[in-house]
>>> print(open('start.cif').read())   # mmCIF, C-alpha atoms
data_structure
#
loop_
_atom_site.group_PDB
_atom_site.id
_atom_site.type_symbol
_atom_site.label_atom_id
_atom_site.label_comp_id
_atom_site.auth_asym_id
_atom_site.auth_seq_id
_atom_site.Cartn_x
_atom_site.Cartn_y
_atom_site.Cartn_z
ATOM 1 C CA MET C 1 112.485 143.264 -141.285
ATOM 2 C CA ALA C 2 115.532 141.554 -139.809
ATOM 3 C CA ALA C 3 117.793 143.149 -142.401
ATOM 4 C CA GLU C 4 116.344 146.549 -141.640
ATOM 5 C CA HIS C 5 117.099 146.147 -137.917
ATOM 6 C CA ALA C 6 120.557 144.761 -138.607
ATOM 7 C CA ASN C 7 121.572 147.937 -140.408
ATOM 8 C CA ARG C 8 120.543 150.089 -137.477
ATOM 9 C CA ASN C 9 123.076 150.433 -134.655
ATOM 10 C CA PRO C 10 121.527 152.131 -131.619
ATOM 11 C CA HIS C 11 124.919 152.347 -129.888
ATOM 12 C CA GLY C 12 126.929 153.837 -132.757
ATOM 13 C CA HIS C 13 127.338 157.283 -131.181
ATOM 14 C CA MET C 14 130.744 156.785 -129.540
ATOM 15 C CA TRP C 15 132.083 159.483 -131.885
ATOM 16 C CA LEU C 16 129.932 162.049 -130.053
ATOM 17 C CA MET C 17 131.516 161.126 -126.712
ATOM 18 C CA ALA C 18 134.930 161.481 -128.367
ATOM 19 C CA VAL C 19 134.168 164.984 -129.681
ATOM 20 C CA VAL C 20 132.781 166.172 -126.339
ATOM 21 C CA GLY C 21 135.632 164.631 -124.346
ATOM 22 C CA VAL C 22 138.402 166.050 -126.535
ATOM 23 C CA ALA C 23 136.740 169.487 -126.597
ATOM 24 C CA ALA C 24 136.399 169.513 -122.810
ATOM 25 C CA GLY C 25 139.987 168.374 -122.345
ATOM 26 C CA LEU C 26 141.338 171.035 -124.689
ATOM 27 C CA ALA C 27 139.269 173.676 -122.894
ATOM 28 C CA LEU C 28 140.832 172.634 -119.579
ATOM 29 C CA MET C 29 144.313 172.758 -121.117
ATOM 30 C CA VAL C 30 144.005 175.921 -123.218
ATOM 31 C CA PHE C 31 141.307 178.237 -121.894
ATOM 32 C CA ALA C 32 141.203 177.525 -118.149
ATOM 33 C CA PRO C 33 144.927 178.323 -117.601
ATOM 34 C CA ARG C 34 144.399 181.739 -119.243
ATOM 35 C CA LEU C 35 142.069 182.834 -116.461
ATOM 36 C CA ALA C 36 143.803 185.124 -113.990
ATOM 37 C CA VAL C 37 142.721 183.137 -110.933
ATOM 38 C CA VAL C 38 144.299 180.033 -112.474
ATOM 39 C CA SER C 39 147.415 181.523 -114.081
ATOM 40 C CA ASN C 40 148.425 183.195 -110.787
ATOM 41 C CA SER C 41 148.731 179.804 -109.090
ATOM 42 C CA LEU C 42 151.386 177.375 -110.287
ATOM 43 C CA LEU C 43 149.472 174.477 -108.740
ATOM 44 C CA LEU C 44 146.238 175.373 -110.528
ATOM 45 C CA PHE C 45 148.016 176.219 -113.781
ATOM 46 C CA ALA C 46 149.790 172.859 -113.874
ATOM 47 C CA GLY C 47 146.765 171.003 -112.499
ATOM 48 C CA PHE C 48 144.378 172.070 -115.266
ATOM 49 C CA HIS C 49 146.981 171.218 -117.907
ATOM 50 C CA ILE C 50 147.425 167.752 -116.419
ATOM 51 C CA VAL C 51 143.693 167.107 -116.018
ATOM 52 C CA GLY C 52 143.007 168.358 -119.546
ATOM 53 C CA GLY C 53 145.733 166.138 -120.959
ATOM 54 C CA VAL C 54 144.417 163.120 -119.082
ATOM 55 C CA VAL C 55 140.891 163.785 -120.396
ATOM 56 C CA VAL C 56 142.063 164.142 -124.017
ATOM 57 C CA LEU C 57 144.273 161.041 -123.963
ATOM 58 C CA SER C 58 141.688 158.958 -122.093
ATOM 59 C CA THR C 59 138.949 159.999 -124.505
ATOM 60 C CA LEU C 60 141.052 159.113 -127.536
ATOM 61 C CA PHE C 61 141.936 155.784 -125.966
ATOM 62 C CA VAL C 62 138.405 154.687 -125.087
ATOM 63 C CA SER C 63 136.872 155.962 -128.332
ATOM 64 C CA GLY C 64 138.970 153.856 -130.671
ATOM 65 C CA LEU C 65 142.688 154.069 -130.031
ATOM 66 C CA SER C 66 142.526 151.046 -127.726
ATOM 67 C CA ASN C 67 141.286 148.925 -130.624
ATOM 68 C CA ARG C 68 144.130 150.036 -132.864
ATOM 69 C CA LEU C 69 146.980 149.607 -130.377
ATOM 70 C CA PRO C 70 146.963 145.781 -130.483
ATOM 71 C CA ARG C 71 147.186 145.884 -134.276
ATOM 72 C CA LEU C 72 149.982 148.460 -134.195
ATOM 73 C CA THR C 73 152.004 146.604 -131.566
ATOM 74 C CA GLY C 74 151.191 143.079 -132.751
ATOM 75 C CA ALA C 75 149.617 142.232 -129.391
ATOM 76 C CA ALA C 76 146.644 139.896 -129.265
ATOM 77 C CA ARG C 77 143.935 139.077 -126.774
ATOM 78 C CA SER C 78 144.477 136.027 -124.658
ATOM 79 C CA ALA C 79 142.684 133.005 -126.093
ATOM 80 C CA ARG C 80 142.630 131.400 -122.633
ATOM 81 C CA ALA C 81 140.556 133.989 -120.778
ATOM 82 C CA TYR C 82 136.982 135.199 -121.051
ATOM 83 C CA ASP C 83 136.549 138.407 -123.007
ATOM 84 C CA PHE C 84 132.997 139.725 -123.163
ATOM 85 C CA GLY C 85 134.027 142.643 -125.332
ATOM 86 C CA TRP C 86 132.420 145.555 -123.563
ATOM 87 C CA GLY C 87 134.752 148.182 -124.989
ATOM 88 C CA PRO C 88 136.711 150.656 -122.845
ATOM 89 C CA GLY C 89 134.449 153.501 -123.922
ATOM 90 C CA TRP C 90 131.474 151.927 -122.191
ATOM 91 C CA MET C 91 133.546 150.752 -119.215
ATOM 92 C CA ASN C 92 135.386 154.043 -118.552
ATOM 93 C CA GLY C 93 133.350 156.786 -120.209
ATOM 94 C CA LEU C 94 131.569 157.733 -116.994
ATOM 95 C CA ALA C 95 134.898 158.077 -115.158
ATOM 96 C CA ILE C 96 136.089 160.550 -117.799
ATOM 97 C CA ALA C 97 132.815 162.455 -117.468
ATOM 98 C CA ALA C 98 133.331 162.503 -113.674
ATOM 99 C CA LEU C 99 136.800 164.022 -114.089
ATOM 100 C CA ILE C 100 135.455 166.706 -116.444
ATOM 101 C CA THR C 101 132.587 167.498 -114.066
ATOM 102 C CA LEU C 102 134.886 167.771 -111.051
ATOM 103 C CA ALA C 103 137.256 170.087 -112.953
ATOM 104 C CA ALA C 104 134.271 172.231 -113.971
ATOM 105 C CA ALA C 105 133.174 172.428 -110.314
ATOM 106 C CA VAL C 106 136.630 173.636 -109.234
ATOM 107 C CA LEU C 107 136.752 176.173 -112.068
ATOM 108 C CA LEU C 108 133.283 177.480 -111.238
ATOM 109 C CA GLN C 109 134.143 177.869 -107.562
ATOM 110 C CA LEU C 110 137.328 179.750 -108.434
ATOM 111 C CA THR C 111 135.707 182.138 -110.900
ATOM 112 C CA ARG C 112 132.206 182.511 -109.404
ATOM 113 C CA PRO C 113 132.410 181.834 -105.645
ATOM 114 C CA GLY C 114 128.850 183.060 -105.200
ATOM 115 C CA THR C 115 127.540 180.123 -107.201
ATOM 116 C CA TRP C 116 128.952 177.577 -104.761
ATOM 117 C CA PRO C 117 125.666 175.588 -104.593
ATOM 118 C CA LEU C 118 126.032 174.815 -108.302
ATOM 119 C CA ALA C 119 129.684 173.893 -107.801
ATOM 120 C CA PHE C 120 128.661 171.642 -104.908
ATOM 121 C CA ALA C 121 126.028 170.000 -107.126
ATOM 122 C CA LEU C 122 128.672 169.346 -109.780
ATOM 123 C CA VAL C 123 130.876 167.654 -107.183
ATOM 124 C CA GLY C 124 127.929 165.441 -106.246
ATOM 125 C CA LEU C 125 127.313 164.649 -109.909
ATOM 126 C CA SER C 126 130.975 163.726 -110.297
ATOM 127 C CA ALA C 127 130.697 161.280 -107.399
ATOM 128 C CA LEU C 128 127.530 159.803 -108.890
ATOM 129 C CA LEU C 129 129.275 159.315 -112.239
ATOM 130 C CA LEU C 130 132.108 157.453 -110.512
ATOM 131 C CA VAL C 131 129.589 155.123 -108.862
ATOM 132 C CA GLY C 132 127.953 154.553 -112.246
ATOM 133 C CA ASN C 133 131.348 153.765 -113.756
ATOM 134 C CA ALA C 134 131.926 151.141 -111.042
ATOM 135 C CA VAL C 135 128.530 149.594 -111.832
ATOM 136 C CA MET C 136 129.340 149.443 -115.549
ATOM 137 C CA ARG C 137 132.751 147.873 -114.956
ATOM 138 C CA GLY C 138 131.127 145.221 -112.806
ATOM 139 C CA PHE C 139 129.203 143.907 -115.815
ATOM 140 C CA ARG C 140 132.361 142.575 -117.437
ATOM 141 C CA ARG C 141 133.701 140.737 -114.375
ATOM 142 C CA THR C 142 133.867 136.972 -114.646
ATOM 143 C CA ASP C 143 132.078 136.554 -111.313
ATOM 144 C CA HIS C 144 129.011 138.020 -113.030
ATOM 145 C CA VAL C 145 128.823 134.984 -115.324
ATOM 146 C CA VAL C 146 125.858 133.717 -113.339
ATOM 147 C CA LEU C 147 122.073 133.505 -113.478
ATOM 148 C CA PRO C 148 119.552 133.818 -110.637
ATOM 149 C CA MET C 149 118.417 130.550 -109.049
ATOM 150 C CA VAL C 150 114.900 130.127 -110.402
ATOM 151 C CA ASP C 151 112.767 127.185 -111.518
ATOM 152 C CA LEU C 152 113.516 127.556 -115.236
ATOM 153 C CA LEU C 153 114.272 124.091 -116.618
ATOM 154 C CA SER C 154 111.917 121.129 -116.872
ATOM 155 C CA SER C 155 114.723 118.533 -117.245
ATOM 156 C CA ASP C 156 118.455 118.115 -117.789
ATOM 157 C CA HIS C 157 117.719 117.465 -121.472
ATOM 158 C CA ASP C 158 116.082 120.813 -122.256
ATOM 159 C CA LEU C 159 116.715 122.724 -125.464
ATOM 160 C CA VAL C 160 117.172 126.317 -124.307
ATOM 161 C CA LEU C 161 117.298 129.550 -126.281
ATOM 162 C CA ASP C 162 119.714 132.304 -125.253
ATOM 163 C CA ALA C 163 117.883 135.216 -126.871
ATOM 164 C CA GLY C 164 120.446 137.891 -127.688
ATOM 165 C CA CYS C 165 123.544 136.000 -126.577
ATOM 166 C CA GLY C 166 126.149 138.636 -127.494
ATOM 167 C CA SER C 167 129.613 137.432 -126.512
ATOM 168 C CA GLY C 168 128.234 134.525 -124.479
ATOM 169 C CA ARG C 169 128.179 135.444 -120.815
ATOM 170 C CA THR C 170 124.632 134.157 -120.315
ATOM 171 C CA THR C 171 125.213 131.247 -122.707
ATOM 172 C CA ILE C 172 128.082 130.029 -120.534
ATOM 173 C CA ALA C 173 126.119 130.413 -117.292
ATOM 174 C CA LEU C 174 123.228 128.484 -118.825
ATOM 175 C CA ALA C 175 125.294 125.707 -120.404
ATOM 176 C CA ARG C 176 127.036 125.107 -117.082
ATOM 177 C CA THR C 177 123.635 124.336 -115.537
ATOM 178 C CA LEU C 178 122.421 121.914 -118.208
ATOM 179 C CA LYS C 179 123.926 118.450 -117.779
ATOM 180 C CA SER C 180 122.891 116.978 -121.111
ATOM 181 C CA GLY C 181 120.708 119.581 -122.785
ATOM 182 C CA ARG C 182 121.689 122.067 -125.483
ATOM 183 C CA VAL C 183 121.753 125.831 -125.777
ATOM 184 C CA VAL C 184 120.997 127.792 -128.949
ATOM 185 C CA ALA C 185 122.952 131.075 -128.833
ATOM 186 C CA PHE C 186 120.915 133.509 -130.933
ATOM 187 C CA ASP C 187 121.880 137.071 -131.884
ATOM 188 C CA ARG C 188 122.265 139.544 -134.752
ATOM 189 C CA PHE C 189 125.886 140.075 -133.583
ATOM 190 C CA ASP C 190 125.802 143.776 -134.381
ATOM 191 C CA ALA C 191 125.799 145.451 -130.933
ATOM 192 C CA GLY C 192 128.002 148.540 -131.023
ATOM 193 C CA TYR C 193 128.958 148.240 -127.333
ATOM 194 C CA ILE C 194 130.469 144.756 -127.858
ATOM 195 C CA ASP C 195 133.739 144.607 -129.779
ATOM 196 C CA GLY C 196 133.118 143.213 -133.250
ATOM 197 C CA GLY C 197 129.467 142.537 -132.440
ATOM 198 C CA GLY C 198 130.423 139.555 -130.259
ATOM 199 C CA ARG C 199 130.548 136.589 -132.656
ATOM 200 C CA ALA C 200 134.316 135.984 -132.532
ATOM 201 C CA LEU C 201 134.310 136.616 -128.776
ATOM 202 C CA LEU C 202 131.487 134.100 -128.335
ATOM 203 C CA ASP C 203 133.456 131.414 -130.158
ATOM 204 C CA ASN C 204 136.528 132.024 -127.987
ATOM 205 C CA ASN C 205 134.583 132.212 -124.713
ATOM 206 C CA LEU C 206 132.865 128.900 -125.435
ATOM 207 C CA LYS C 207 136.271 127.320 -126.094
ATOM 208 C CA VAL C 208 137.619 128.704 -122.818
ATOM 209 C CA ALA C 209 134.602 127.269 -120.980
ATOM 210 C CA ASP C 210 134.912 123.955 -122.875
ATOM 211 C CA LEU C 211 131.283 124.248 -123.969
ATOM 212 C CA THR C 212 131.611 124.498 -127.756
ATOM 213 C CA GLY C 213 130.086 121.080 -128.365
ATOM 214 C CA ARG C 214 126.962 121.878 -126.342
ATOM 215 C CA VAL C 215 126.019 125.183 -127.961
ATOM 216 C CA ASP C 216 124.568 125.905 -131.407
ATOM 217 C CA ILE C 217 125.104 129.437 -132.729
ATOM 218 C CA VAL C 218 122.367 130.944 -134.887
ATOM 219 C CA SER C 219 122.203 134.457 -136.343
ATOM 220 C CA GLY C 220 118.878 136.251 -136.612
ATOM 221 C CA ASP C 221 116.444 138.875 -135.330
ATOM 222 C CA LEU C 222 114.525 138.521 -132.067
ATOM 223 C CA THR C 223 111.413 140.065 -133.587
ATOM 224 C CA ALA C 224 111.289 137.504 -136.442
ATOM 225 C CA MET C 225 112.944 134.253 -135.355
ATOM 226 C CA ALA C 226 113.236 131.470 -137.924
ATOM 227 C CA PHE C 227 112.314 128.731 -135.446
ATOM 228 C CA ALA C 228 109.196 126.559 -135.522
ATOM 229 C CA ASP C 229 106.388 127.023 -133.040
ATOM 230 C CA ASN C 230 106.887 125.260 -129.672
ATOM 231 C CA HIS C 231 110.547 124.609 -130.524
ATOM 232 C CA PHE C 232 112.280 125.354 -127.189
ATOM 233 C CA ASP C 233 111.800 123.995 -123.687
ATOM 234 C CA ALA C 234 112.996 127.250 -122.104
ATOM 235 C CA ALA C 235 114.570 130.610 -122.956
ATOM 236 C CA VAL C 236 116.853 133.130 -121.258
ATOM 237 C CA SER C 237 117.834 136.704 -122.079
ATOM 238 C CA THR C 238 119.894 139.273 -120.156
ATOM 239 C CA HIS C 239 120.536 142.940 -121.052
ATOM 240 C CA VAL C 240 118.825 142.607 -124.446
ATOM 241 C CA TYR C 241 115.069 143.181 -124.508
ATOM 242 C CA ASP C 242 115.475 146.582 -122.836
ATOM 243 C CA HIS C 243 117.489 147.652 -125.926
ATOM 244 C CA LEU C 244 114.780 146.806 -128.443
ATOM 245 C CA GLY C 245 112.802 150.048 -128.309
ATOM 246 C CA SER C 246 109.476 149.644 -130.079
ATOM 247 C CA GLY C 247 110.370 146.009 -130.812
ATOM 248 C CA LYS C 248 109.902 144.859 -127.196
ATOM 249 C CA ALA C 249 106.328 143.634 -127.669
ATOM 250 C CA GLY C 250 107.139 141.842 -130.913
ATOM 251 C CA ALA C 251 110.166 140.110 -129.410
ATOM 252 C CA LEU C 252 108.135 138.914 -126.417
ATOM 253 C CA SER C 253 105.446 137.549 -128.736
ATOM 254 C CA GLU C 254 108.072 135.734 -130.802
ATOM 255 C CA THR C 255 109.633 134.264 -127.675
ATOM 256 C CA LEU C 256 106.240 133.002 -126.567
ATOM 257 C CA ARG C 257 105.670 131.449 -130.001
ATOM 258 C CA VAL C 258 108.904 129.441 -130.058
ATOM 259 C CA LEU C 259 108.425 128.123 -126.493
ATOM 260 C CA ARG C 260 106.506 124.904 -125.933
ATOM 261 C CA PRO C 261 103.396 125.127 -123.702
ATOM 262 C CA GLY C 262 104.598 125.266 -120.106
ATOM 263 C CA GLY C 263 108.024 126.518 -121.215
ATOM 264 C CA ARG C 264 109.586 129.293 -119.160
ATOM 265 C CA PHE C 265 111.450 132.457 -120.107
ATOM 266 C CA LEU C 266 113.951 134.120 -117.747
ATOM 267 C CA MET C 267 114.461 137.753 -118.750
ATOM 268 C CA ALA C 268 116.789 140.257 -117.043
ATOM 269 C CA VAL C 269 116.560 143.939 -117.973
ATOM 270 C CA TRP C 270 117.556 147.367 -116.722
ATOM 271 C CA VAL C 271 114.756 149.215 -114.918
ATOM 272 C CA PRO C 272 114.642 152.595 -113.130
ATOM 273 C CA GLY C 273 116.467 152.424 -109.795
ATOM 274 C CA LEU C 274 119.478 153.702 -107.873
ATOM 275 C CA ALA C 275 122.078 151.637 -109.754
ATOM 276 C CA MET C 276 120.732 152.671 -113.143
ATOM 277 C CA PHE C 277 120.426 156.294 -111.996
ATOM 278 C CA ALA C 278 124.145 156.200 -111.235
ATOM 279 C CA VAL C 279 124.784 154.909 -114.764
ATOM 280 C CA GLY C 280 122.324 156.979 -116.779
ATOM 281 C CA ASN C 281 121.236 159.783 -114.416
ATOM 282 C CA VAL C 282 117.985 161.328 -115.666
ATOM 283 C CA LEU C 283 118.037 159.100 -118.754
ATOM 284 C CA SER C 284 117.468 156.116 -116.465
ATOM 285 C CA LEU C 285 114.021 157.520 -115.665
ATOM 286 C CA PHE C 286 112.998 156.722 -119.243
ATOM 287 C CA LEU C 287 113.795 153.020 -118.876
ATOM 288 C CA THR C 288 110.809 150.678 -119.055
ATOM 289 C CA SER C 289 109.427 150.143 -115.551
ATOM 290 C CA LYS C 290 108.742 146.798 -113.896
ATOM 291 C CA ALA C 291 104.999 147.400 -114.141
ATOM 292 C CA ARG C 292 105.271 148.118 -117.856
ATOM 293 C CA TRP C 293 107.341 144.973 -118.414
ATOM 294 C CA ARG C 294 104.714 142.911 -116.602
ATOM 295 C CA ALA C 295 102.014 144.445 -118.799
ATOM 296 C CA LEU C 296 104.015 143.761 -121.980
ATOM 297 C CA ALA C 297 104.559 140.154 -120.902
ATOM 298 C CA ALA C 298 100.866 139.691 -120.107
ATOM 299 C CA ASN C 299 99.844 141.210 -123.439
ATOM 300 C CA ALA C 300 102.158 138.753 -125.208
ATOM 301 C CA GLY C 301 100.459 135.870 -123.371
ATOM 302 C CA PHE C 302 102.964 135.112 -120.589
ATOM 303 C CA GLN C 303 102.251 134.482 -116.927
ATOM 304 C CA VAL C 304 104.603 135.893 -114.271
ATOM 305 C CA ILE C 305 106.051 133.125 -112.064
ATOM 306 C CA ASP C 306 108.862 134.840 -110.158
ATOM 307 C CA GLU C 307 110.893 138.070 -110.088
ATOM 308 C CA GLY C 308 113.775 139.722 -108.239
ATOM 309 C CA MET C 309 117.122 141.520 -108.615
ATOM 310 C CA PHE C 310 120.618 140.324 -109.498
ATOM 311 C CA ASN C 311 123.758 141.992 -110.892
ATOM 312 C CA HIS C 312 122.018 145.413 -110.713
ATOM 313 C CA THR C 313 119.229 144.213 -113.006
ATOM 314 C CA TRP C 314 115.628 143.121 -112.516
ATOM 315 C CA PHE C 315 114.735 139.613 -113.567
ATOM 316 C CA VAL C 316 111.341 138.089 -114.212
ATOM 317 C CA LEU C 317 110.509 134.442 -114.806
ATOM 318 C CA LEU C 318 107.651 134.046 -117.301
ATOM 319 C CA GLU C 319 105.726 130.976 -118.379
ATOM 320 C CA LYS C 320 103.809 130.128 -121.538
ATOM 321 C CA PRO C 321 100.395 128.739 -120.511
ATOM 322 C CA ARG C 322 99.929 125.020 -121.045
ATOM 323 C CA ALA C 323 96.495 125.462 -122.597
#
>>> encode(input="start.cif", output="structure tokens")
Amino acid sequence: MAAEHANRNPHGHMWLMAVVGVAAGLALMVFAPRLAVVSNSLLLFAGFHIVGGVVVLSTLFVSGLSNRLPRLTGAARSARAYDFGWGPGWMNGLAIAALITLAAAVLLQLTRPGTWPLAFALVGLSALLLVGNAVMRGFRRTDHVVLPMVDLLSSDHDLVLDAGCGSGRTTIALARTLKSGRVVAFDRFDAGYIDGGGRALLDNNLKVADLTGRVDIVSGDLTAMAFADNHFDAAVSTHVYDHLGSGKAGALSETLRVLRPGGRFLMAVWVPGLAMFAVGNVLSLFLTSKARWRALAANAGFQVIDEGMFNHTWFVLLEKPRA
């Protein structure tokens, strides 16, 4: 089962964004300037060429060229700074979409003035996409390497699972809190939105934080963890369980199994709301709701202890019953 999941990359569609972005950019450069209303104005003629060129080059950069440039130039990432690996496509894709949408609004207003409400709506959508891009970029800031202040740990000696650690942002925040406990950083290390899946980045980030000796790294699947029952004192997961699709219930049951009685699980996930609407628009409406998460947790056997919002995500603190 783990092998089957490992071969499936739910985020491997960056090529589609590249095709759409390049096509839109070429349309702005080639077809828009041929329209009479555009070609008769030097400002518009040059403007659409410039915007189209920016869209094409930006799309190529965020969809793969940025990963090749360091190899071509011999440049390397700094080994003395955190790098959580959220690639430029995920950090800047919405800004490119905003530029395309705004250009489309201008073109529509120029060619079909009577449809100005649609053009106005496109301008609004462009602004919303820019807000969503700002939200996405915030996820990679170092001041987001934090966790909400909740009653998670039972002692300073706890053994804590970071379920779906990725490149280590949550692992670092957790290990900073534990004075003498240990963290197990657990992941498949195959996420398409993290450069290289995150394993090499995790190693470097732990070195930067001087936490290598307090973290054990284990590879595996959240829906079939190779840990004994009642193995961990606590568990944490951020931005992971909401990506599991039909595996959410199984992962929650597995997390319950590996926690000792009375152990607590802090989970942070994306849920429908204004911030996520800015990021995903109508797609955000299909995110699992808070009520559904509570039901899934209860069905797995957890009790809800606390909940709230931080870093644009909803968090819930769950506990495995003592008896």
>>> residues_around(input="start.cif", residues="Ile172 of chain C", least_positions_apart="5", cutoff="10 Å", atoms="only C-alpha atoms", output="list in words")
Val145, Val146, Leu147, Asp162, Cys165, Ser167, Thr177, Val183, Ala185, Leu202, Asn205, Leu206, Val208, Ala209, Asp210, Leu211, Thr212 and Val215 of chain C
>>> closest_residue(input="start.cif", among="C:Val279, C:Met267, C:Leu296, C:Val22", to="Ser126 of chain C", atoms="all atoms listed in the file")
C:Val279
>>> resolve_selection(input="start.cif", expression="the PyMOL selection byres ((chain C and resi 240) around 10)", output="PyMOL selection string")
chain C and resi 163-166+187+191+222+237-239+241-244+248+267-270
>>> residues_around(input="start.cif", residues="Arg264 of chain C", least_positions_apart="6", cutoff="7 Å", atoms="only C-alpha atoms", output="list in words")
Leu152, Ala234, Ala235, Leu317, Leu318, Glu319 and Lys320 of chain C
>>> residues_around(input="start.cif", residues="Ala323 of chain C", least_positions_apart="2", cutoff="9 Å", atoms="only C-alpha atoms", output="PDB file with C-alpha atoms, in the frame of the given file")
ATOM      1  CA  PRO C 261     103.396 125.127-123.702  1.00  0.00           C
ATOM      2  CA  GLY C 262     104.598 125.266-120.106  1.00  0.00           C
ATOM      3  CA  LYS C 320     103.809 130.128-121.538  1.00  0.00           C
ATOM      4  CA  PRO C 321     100.395 128.739-120.511  1.00  0.00           C
TER       5      PRO C 321
END
>>> closest_residue(input="start.cif", among="C:Gly280, C:Gly192, C:Gly25, C:Gly308", to="Asn133 of chain C", atoms="only C-alpha atoms")
C:Gly280
>>> residues_around(input="start.cif", residues="Phe120 of chain C", least_positions_apart="4", cutoff="9 Å", atoms="all atoms listed in the file", output="ChimeraX atom specification")
/C:105,109,115-116,124-125
>>> atom_distance(input="start.cif", atom1="atom CA of Ala249 of chain C", atom2="atom CA of Val236 of chain C")
16.2 Å
